[in-house]
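Asker: I'd like to ask some things about the structure below.
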Amino acid sequence: MSDNKNIDQHTGTETTDHEWDGVKELNTPMPKWWIGIFYISILWAVGYAVAMPAIPLLNGYTKGLFGWSDRVKVAEAIDEMHAERAVNAQALIGAGITQIENNPELLRFATEQGKALFGDNCETCHGKRGLGVVGYPNLNDDIWIWGGSFDEIKYSINYGIRAAHDDTRLSTMMAYGRDEILEPKQIDDLVQYVLQLSGQTSDGAASMRGATLFAENCTSCHAVDGTGSRENGAPNLTDAEWLYAGDAKTVRASIFDGRNGVMPNWNERLREEQIAALTFYVHSDLGGGE
């Protein structure tokens, strides 16, 4: 038998009968340590399948000798997390801003919870970190149509703006052009007066005519001097802050069709302590609260 062995002349290793294009395969056995690990792995796999949930069955799976369940452990961990949070959550209910700020643990909880809630529920409209987009206000500044105190922000979050709730904040800007309340020329004059109120370049004669129209149609909400009214949700027209932009074309569109955006009421989706945390985040962490 030894005479029939084919030895590779370069390595001195016996070859197998496999040959391809003049190249022969060396008959090199696996190291014994590797083979040992391989068999140990097989024994480990069999032992694991017996001890732990592993083998799928028709209507379930084998439970294993230890009866371990990741699903149960995760549920227990979640229950423990809720139990730990329950104390701070309860403390948030009815807490004012001073109470939250003077309690380091409650402050941390409210900030982290509020940030998560804002990202999940508010960034879609108000933008990243509440910087706002056209039609959705910036929550970082001090310009608040309905008021920016802690309690006023909480009320807005709870009941929304023009939402389907009995306690929602409600106001209506009429569509002066679409509903033919004013003539197109009158709307043009009113636009010039609004531009003058905000310190922009305007047509003097048209603005004077627009002042009369403003007094007759707009002062009940925007006040005689155009500074607005939080009670009516009417914005200040004398500054440079505009929810829909303050150029002549956009102002005319606002007067012609009216502006009546909707913010949903969150009290039917979020719990009381979540609204408190969200209110604190908007008021204090974003920095726009008064």
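Identifiers for the structure tokens are assigned positionally: chains receive A, B, ... in sequence, residues are indexed from 1 per chain, and ligands are indexed from 1 in the order shown.
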I need the residues of region 18-104 of chain A that end up classed as strand (DSSP E) by DSSP on the backbone, written out as a ChimeraX atom specification.
Answerer: /A:18-20,23-26,56-57,60-61
Asker: Please identify all polymer residues within 7 Å of Gly210 (chain A), counting only C-alpha atoms, omitting same-chain residues fewer than 4 positions from it, and present them as a list in words.
Answerer: Asp189, Leu190, Gln192, Tyr193, Ala206 and Phe214 of chain A
Asker: Rank nothing, just name the residue among A:Ala110, A:Ala245, A:Ile255, A:Ile187 nearest to Tyr136 (chain A), using only C-alpha atoms.
Answerer: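 The closest residue to Tyr136 (chain A) is A:Ala245.
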Asker: Which residue gives the smallest distance to Ser202 (chain A) among A:Asp247, A:Ala83, A:Glu123, A:Leu26, with only C-alpha atoms counted?
Answerer: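 Checking each of A:Asp247, A:Ala83, A:Glu123, A:Leu26 against Ser202 (chain A), counting only C-alpha atoms, the winner is A:Asp247.
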Asker: Mind pulling up the distance from CA of Glu268 (chain A) to CA of Thr98 (chain A)?
Answerer: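 Value for the CA of Thr98 (chain A)-CA of Glu268 (chain A) distance: 26.4 Å.
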Asker: Would you please give, as an MDAnalysis selection string, all residues of region 158-273 of chain A that DSSP assigns to alpha helix (DSSP H) based on the backbone?
Answerer: chainID A and resid 158:159 184:197 204:217 219:222 248:257 272:273
Asker: Which one of A:Lys32, A:Arg162, A:Lys5, A:Arg129 sits closest to Val262 (chain A) if you count only C-alpha atoms?
Answerer: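 Looking at the shortest contact to Val262 (chain A), the residue is A:Arg162.
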Asker: Could you check which of A:Asp17, A:Ala248, A:Ala77, A:Ser220 is closest to Asp203 (chain A), using only C-alpha atoms?
Answerer: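 For Asp203 (chain A), the nearest of the candidates is A:Ala248.
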Asker: Near region 274-287 of chain A, within 10 Å and counting only C-alpha atoms, which residues show up once chain neighbours fewer than 5 positions away are dropped, as a PyMOL selection string?
Answerer: chain A and resi 89+92-97+100-101+106-107+109-118+121-122+129-131+138-142+148-158+266-267+269
Asker: In Å, rounded to a single decimal, give me how far CA of Gly127 (chain A) is from CA of Thr227 (chain A).
Answerer: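 Computing the Euclidean distance for CA of Thr227 (chain A) and CA of Gly127 (chain A) yields 26.5 Å.
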Asker: Find the spatial neighbours of Thr238 (chain A), counting only C-alpha atoms, within a cut-off of 12 Å - ignore same-chain residues fewer than 4 positions away - and output them as JSON, numbers by chain.
Answerer: {"A": [193, 194, 195, 196, 197, 198, 199, 200, 222, 223, 224, 225, 226, 227, 228, 234, 242, 246]}
Asker: How many Å lie between CA of Arg71 (chain A) and CA of Arg85 (chain A), rounded to one decimal?
Answerer: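 Going from CA of Arg71 (chain A) over to CA of Arg85 (chain A), I get 21.1 Å.
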Asker: From the options A:Asp70, A:Asn59, A:Asp21, A:Glu273, which residue's atoms come nearest to Ala91 (chain A), counting only C-alpha atoms?
Answerer: A:Glu273
